Amino acid sequence: MTTKKMGCAIIGSGNIGTDLMVKILKQSQHLELLAMVGIDPNSDGLARASRMGVFTTHEGLEGLMSAPCYENIRIIFDATSAKAHVAHAKMLEGESRHLIDMTPAAIGPYAVPIANLETHLQAENVNMVTCGGQATIPIVWAISQHTKVHLAEIVASISSKSAGPGTRANIDEFTETTAKGLEVVGGATHGKAIIVLNPAEPPLIMRDTVHMLCDSMEQEALTAAVKDAVMRVSEYVPGYRLVQEPVFESFEENGLSHPDHGTQKGLKVSVFLEVEGAGHYLPKYAGNLDIMTSAALQMGELKAQHQLKAGV
Amino acid sequence: MSKKKVIIQDATLRDGMHALGHQYTIEHMVTIAEKLEEAKVDLIEVSHGDGLNGNSFNYGFSRHKESDYLLAVREVLDHAKLAALLLPGIGTVEDMKMAKDCGVHTIRIATHCTEADISKQHIETARQMGFDVVGFLMMAHQTSTSQLVEQAKLMESYGAHCVYVVDSAGALLMDETAERIRAFKDNLGVEVGFHNHNNLGLGVANTILAIENGADRVDGSVAGMGAGAGNCPLEVLIAVCDRMGIETGVGLYPLMDCADTLVRPLQQRPVQTDGNALMLGFAGVYSSFLLHTEKASRQFGVDSRDILMELGRRKMVGGQEDMIVDVALDLQKGTNR
């Protein structure tokens, strides 16, 4: 019984899908990868999967649904694009499969480790927000446990080399989905997200900066909350680090004037983060891949464990 | 042979936002726009310095709502058309819709000089929405001319009516400017534009070179009102064009009046090629980093020139203002990254 694993598949053989494949094969306790699904027969991800002994199809989700292994697959990770995910979700309606959506389509509820994974154990479709969301929402959530966060803004800088065509074609979906995640999961009244691609060589490691305006309270307690959140995220993303001590700026006297949200008094907290990847697929600079795939793996493990326990 | 008139775009009310920490009042904007209209400038850009939806901790909050600025300026324009800037990654298609509703005619979609493909979604949508669409390749000194041409061709393929060489750091030398504009003219079927900053004191000279090498549109700001040492000062450009016999159709006196009586009195920090502004051009750093760097310098007790040099060394690009504080803290601690 203890060795039993739950069958899963990955749709999307790009950067994110391939990185997740390596993680499942290397680290997973409860998931067995039964198929890697792509649409490009020449993709590096499919070739790699074949070499690693995983069943592959280049005929998309249809190819998977007609494959013999399909009946043993309970969890499907979608690493394609927001548009494709909408179609996939429709095709899988009534199929009793758990979908873990790594695109910004956000059909299902947002899932972020340390904040709310357990809440969504039963949801048939969960969304992993975005790489920038996974890197920053835990910090906003942690502060929200102590005080009201009025504004939460994040700046994610990723190396150009780590941004695949899907990310590049859908920059708006990144900013919009991340901003919503900061509100819905992070607990901020207003979320905002900015993404910057930097082409420097050698490629720069992913950086994330979080600025928050919250109701004032002891700075030591907020620093401790940030550090605790960083520690908990680093348990599943070892390269997740706090680069500087949090920086505080008081807006108690005159308040902060926002042209759309009015004037608000409080304390500004700035948190400077870095996400170094594990180098499973792309090199270590691509922490944006790692934080997304690691979070999705956490969700998958938890779902698998739960269902195996329930004897499904 | 009749030569096509060069199109003059003013950036005082967009790039100039940087110089004021985005604090123009609606009244400032309207009175400046009235003078620009009187001078018969072709296009007037109004946006947060970092483009639509730029309001943020990272870049600063403007005094008023974006739509209030746009609507107020639109009201006083007749000859001049209203323009706006948008940086994918900051602004979205939703913001373009707002701009359209406010009467914006020209939308400029800006990306770092090597990342044109992130503008596909926005340029294509802007075309469908009926905008005059400009691709804006920033920090053009950071890549080779041939690479820049490839990126410009992408923007052309998405549907841009015009593609700009944008010297965001004011770091392009004169031959580098001429080479880039010439290469654009030789390789693109659409219009070519040029926008720069005066950090190395080449604001007017490089803009004239751009015109001589075939640029169809060029930018300037009244009294240079823009990030860093400012943009190519528009009234000076018009005067030089006039002396050279380059037809702009823009009147000199209203611009001079605008510079002397309206814009310069607003400058709390002179917009000029002083030490820190010169460092931007020298180190090749995004011009709008200037005021944020000076703030971090005061806050953390580090020389602003050291911060700018380090930002240049780390190859930070436009939009990474958050890294200014990061660098200042590292310099304060004496750590090297």
# chains A, B, ... in the order shown; residues from 1 in each chain; ligands from 1
call {"tool": "closest_atom_pairs", "arguments": {"of": "chain B", "to": "chain A", "cutoff": "6 Å", "atoms": "only C-alpha atoms", "output": "Markdown table"}}
result
| residue | atom | partner | partner_atom | distance |
| --- | --- | --- | --- | --- |
| B:Arg63 | CA | A:Pro259 | CA | 6.0 |
| B:His64 | CA | A:Pro259 | CA | 5.0 |
| B:Lys65 | CA | A:Pro259 | CA | 5.1 |
| B:Gly89 | CA | A:Ile195 | CA | 4.8 |
| B:Ile90 | CA | A:Ile194 | CA | 5.1 |
| B:Thr92 | CA | A:Asp172 | CA | 5.4 |
| B:Ile118 | CA | A:Arg168 | CA | 4.9 |
call {"tool": "residues_around", "arguments": {"residues": "Thr273 of chain B", "least_positions_apart": "2", "cutoff": "12 Å", "atoms": "only C-alpha atoms", "output": "list in words"}}
result
Gly170, His197, Asn198, Asn199, Leu200, Gly201, Leu202, Gly203, Gly224, Gly226, Ala227, Gly228, Ala229, Gly230, Asn231, Cys232, Arg269, Pro270, Val271, Gly275, Asn276, Ala277, Leu278, Met279, Leu280, Gly281, Phe282, Ser287 and Leu290 of chain B
call {"tool": "select_by_dssp", "arguments": {"residues": "segment 22-260 of chain B", "states": "strand (DSSP E)", "output": "PyMOL selection string"}}
result
chain B and resi 43-45+81-86+106-112+132-138+162-167+191-196+217-220
call {"tool": "write_last_selection", "arguments": {"atoms": "N, CA and C atoms", "output": "compact mmCIF listing (two decimals), in the first residue's frame"}}
result
# COMPACT_ATOMS: atom_id res chain seq x y z
N LEU B 43 1.87 65.66 -32.72
CA LEU B 43 1.37 64.66 -31.76
C LEU B 43 1.80 65.05 -30.35
N ILE B 44 0.89 64.88 -29.42
CA ILE B 44 1.18 65.20 -28.02
C ILE B 44 0.91 63.96 -27.17
N GLU B 45 1.96 63.49 -26.52
CA GLU B 45 1.81 62.27 -25.72
C GLU B 45 1.48 62.61 -24.27
N LYS B 81 -2.75 65.72 -32.56
CA LYS B 81 -3.42 64.47 -32.18
C LYS B 81 -2.87 64.01 -30.82
N LEU B 82 -3.72 63.32 -30.08
CA LEU B 82 -3.34 62.84 -28.75
C LEU B 82 -2.67 61.46 -28.86
N ALA B 83 -1.57 61.30 -28.14
CA ALA B 83 -0.85 60.01 -28.13
C ALA B 83 -0.72 59.51 -26.70
N ALA B 84 -0.48 58.19 -26.57
CA ALA B 84 -0.22 57.60 -25.25
C ALA B 84 0.82 56.50 -25.40
N LEU B 85 1.47 56.20 -24.29
CA LEU B 85 2.52 55.17 -24.27
C LEU B 85 2.04 53.98 -23.46
N LEU B 86 2.44 52.79 -23.88
CA LEU B 86 2.09 51.59 -23.11
C LEU B 86 3.26 50.61 -23.13
N THR B 106 -2.80 58.00 -31.33
CA THR B 106 -1.57 57.24 -31.55
C THR B 106 -1.19 56.50 -30.28
N ILE B 107 -1.00 55.20 -30.38
CA ILE B 107 -0.54 54.45 -29.20
C ILE B 107 0.86 53.92 -29.50
N ARG B 108 1.76 54.15 -28.56
CA ARG B 108 3.13 53.68 -28.74
C ARG B 108 3.36 52.50 -27.79
N ILE B 109 3.75 51.37 -28.36
CA ILE B 109 3.94 50.15 -27.57
C ILE B 109 5.44 49.95 -27.40
N ALA B 110 5.89 50.05 -26.15
CA ALA B 110 7.32 50.05 -25.88
C ALA B 110 7.79 48.75 -25.25
N THR B 111 8.89 48.21 -25.79
CA THR B 111 9.54 47.05 -25.16
C THR B 111 11.03 47.31 -25.11
N HIS B 112 11.72 46.53 -24.28
CA HIS B 112 13.17 46.57 -24.31
C HIS B 112 13.62 46.15 -25.72
N ASP B 132 -3.37 54.63 -34.63
CA ASP B 132 -2.09 54.78 -35.30
C ASP B 132 -1.10 54.12 -34.33
N VAL B 133 -0.39 53.09 -34.78
CA VAL B 133 0.38 52.26 -33.84
C VAL B 133 1.90 52.40 -34.08
N VAL B 134 2.59 52.68 -33.00
CA VAL B 134 4.04 52.85 -33.06
C VAL B 134 4.71 51.79 -32.19
N GLY B 135 5.71 51.12 -32.73
CA GLY B 135 6.56 50.22 -31.93
C GLY B 135 7.73 51.03 -31.41
N PHE B 136 8.10 50.83 -30.14
CA PHE B 136 9.04 51.73 -29.46
C PHE B 136 10.13 50.86 -28.83
N LEU B 137 11.27 50.75 -29.49
CA LEU B 137 12.33 49.83 -29.01
C LEU B 137 13.31 50.57 -28.10
N MET B 138 13.14 50.35 -26.79
CA MET B 138 13.88 51.13 -25.79
C MET B 138 15.29 50.59 -25.56
N CYS B 162 4.79 52.50 -37.57
CA CYS B 162 6.06 53.20 -37.41
C CYS B 162 6.84 52.47 -36.32
N VAL B 163 8.17 52.38 -36.47
CA VAL B 163 8.99 51.80 -35.41
C VAL B 163 10.08 52.79 -35.03
N TYR B 164 10.25 52.97 -33.73
CA TYR B 164 11.20 53.96 -33.19
C TYR B 164 12.50 53.31 -32.71
N VAL B 165 13.59 54.00 -32.93
CA VAL B 165 14.84 53.76 -32.21
C VAL B 165 14.76 54.65 -30.97
N VAL B 166 14.79 54.03 -29.78
CA VAL B 166 14.62 54.80 -28.56
C VAL B 166 15.89 54.73 -27.71
N ASP B 167 16.53 55.88 -27.57
CA ASP B 167 17.76 55.96 -26.80
C ASP B 167 17.41 56.35 -25.37
N GLU B 191 7.15 53.62 -41.39
CA GLU B 191 7.85 54.82 -40.94
C GLU B 191 8.86 54.49 -39.84
N VAL B 192 9.83 55.38 -39.70
CA VAL B 192 10.88 55.21 -38.70
C VAL B 192 10.90 56.45 -37.81
N GLY B 193 11.07 56.22 -36.50
CA GLY B 193 11.10 57.35 -35.58
C GLY B 193 12.32 57.32 -34.66
N PHE B 194 12.54 58.45 -33.98
CA PHE B 194 13.68 58.54 -33.05
C PHE B 194 13.29 59.34 -31.81
N HIS B 195 13.65 58.78 -30.64
CA HIS B 195 13.39 59.43 -29.34
C HIS B 195 14.68 59.31 -28.53
N ASN B 196 15.08 60.41 -27.90
CA ASN B 196 16.32 60.28 -27.12
C ASN B 196 16.32 61.12 -25.85
N ARG B 217 9.53 60.44 -38.05
CA ARG B 217 8.96 61.06 -36.85
C ARG B 217 10.10 61.25 -35.85
N VAL B 218 10.11 62.38 -35.18
CA VAL B 218 11.08 62.56 -34.09
C VAL B 218 10.38 63.17 -32.88
N ASP B 219 10.96 62.91 -31.70
CA ASP B 219 10.40 63.39 -30.44
C ASP B 219 11.24 64.51 -29.85
N GLY B 220 10.58 65.35 -29.11
CA GLY B 220 11.28 66.32 -28.29
C GLY B 220 10.35 66.72 -27.16
call {"tool": "residues_around", "arguments": {"residues": "Leu61 of chain A", "least_positions_apart": "2", "cutoff": "8 Å", "atoms": "only C-alpha atoms", "output": "ChimeraX atom specification"}}
result
/A:11,37,59,63-65,88
call {"tool": "write_last_selection", "arguments": {"atoms": "C-alpha atoms", "output": "PDB file, in the first residue's frame"}}
result
ATOM      1  CA  ILE A  11       0.073  18.359 -21.180  1.00  0.00           C
ATOM      2  CA  VAL A  37       1.642  15.238 -24.080  1.00  0.00           C
ATOM      3  CA  GLU A  59      -1.444  14.664 -30.696  1.00  0.00           C
ATOM      4  CA  GLY A  63      -3.960  11.740 -28.217  1.00  0.00           C
ATOM      5  CA  LEU A  64      -3.807  11.226 -24.480  1.00  0.00           C
ATOM      6  CA  MET A  65      -7.515  10.459 -24.099  1.00  0.00           C
ATOM      7  CA  HIS A  88      -8.705  21.198 -22.367  1.00  0.00           C
TER       8      HIS A  88
END
call {"tool": "atom_distance", "arguments": {"atom1": "atom CA of Thr57 of chain A", "atom2": "atom CA of Ala286 of chain A"}}
result
26.4 Å
call {"tool": "closest_residue", "arguments": {"among": "B:Thr177, B:Asn213, B:Ser67, B:Thr145", "to": "Met98 of chain B", "atoms": "only C-alpha atoms"}}
result
B:Ser67
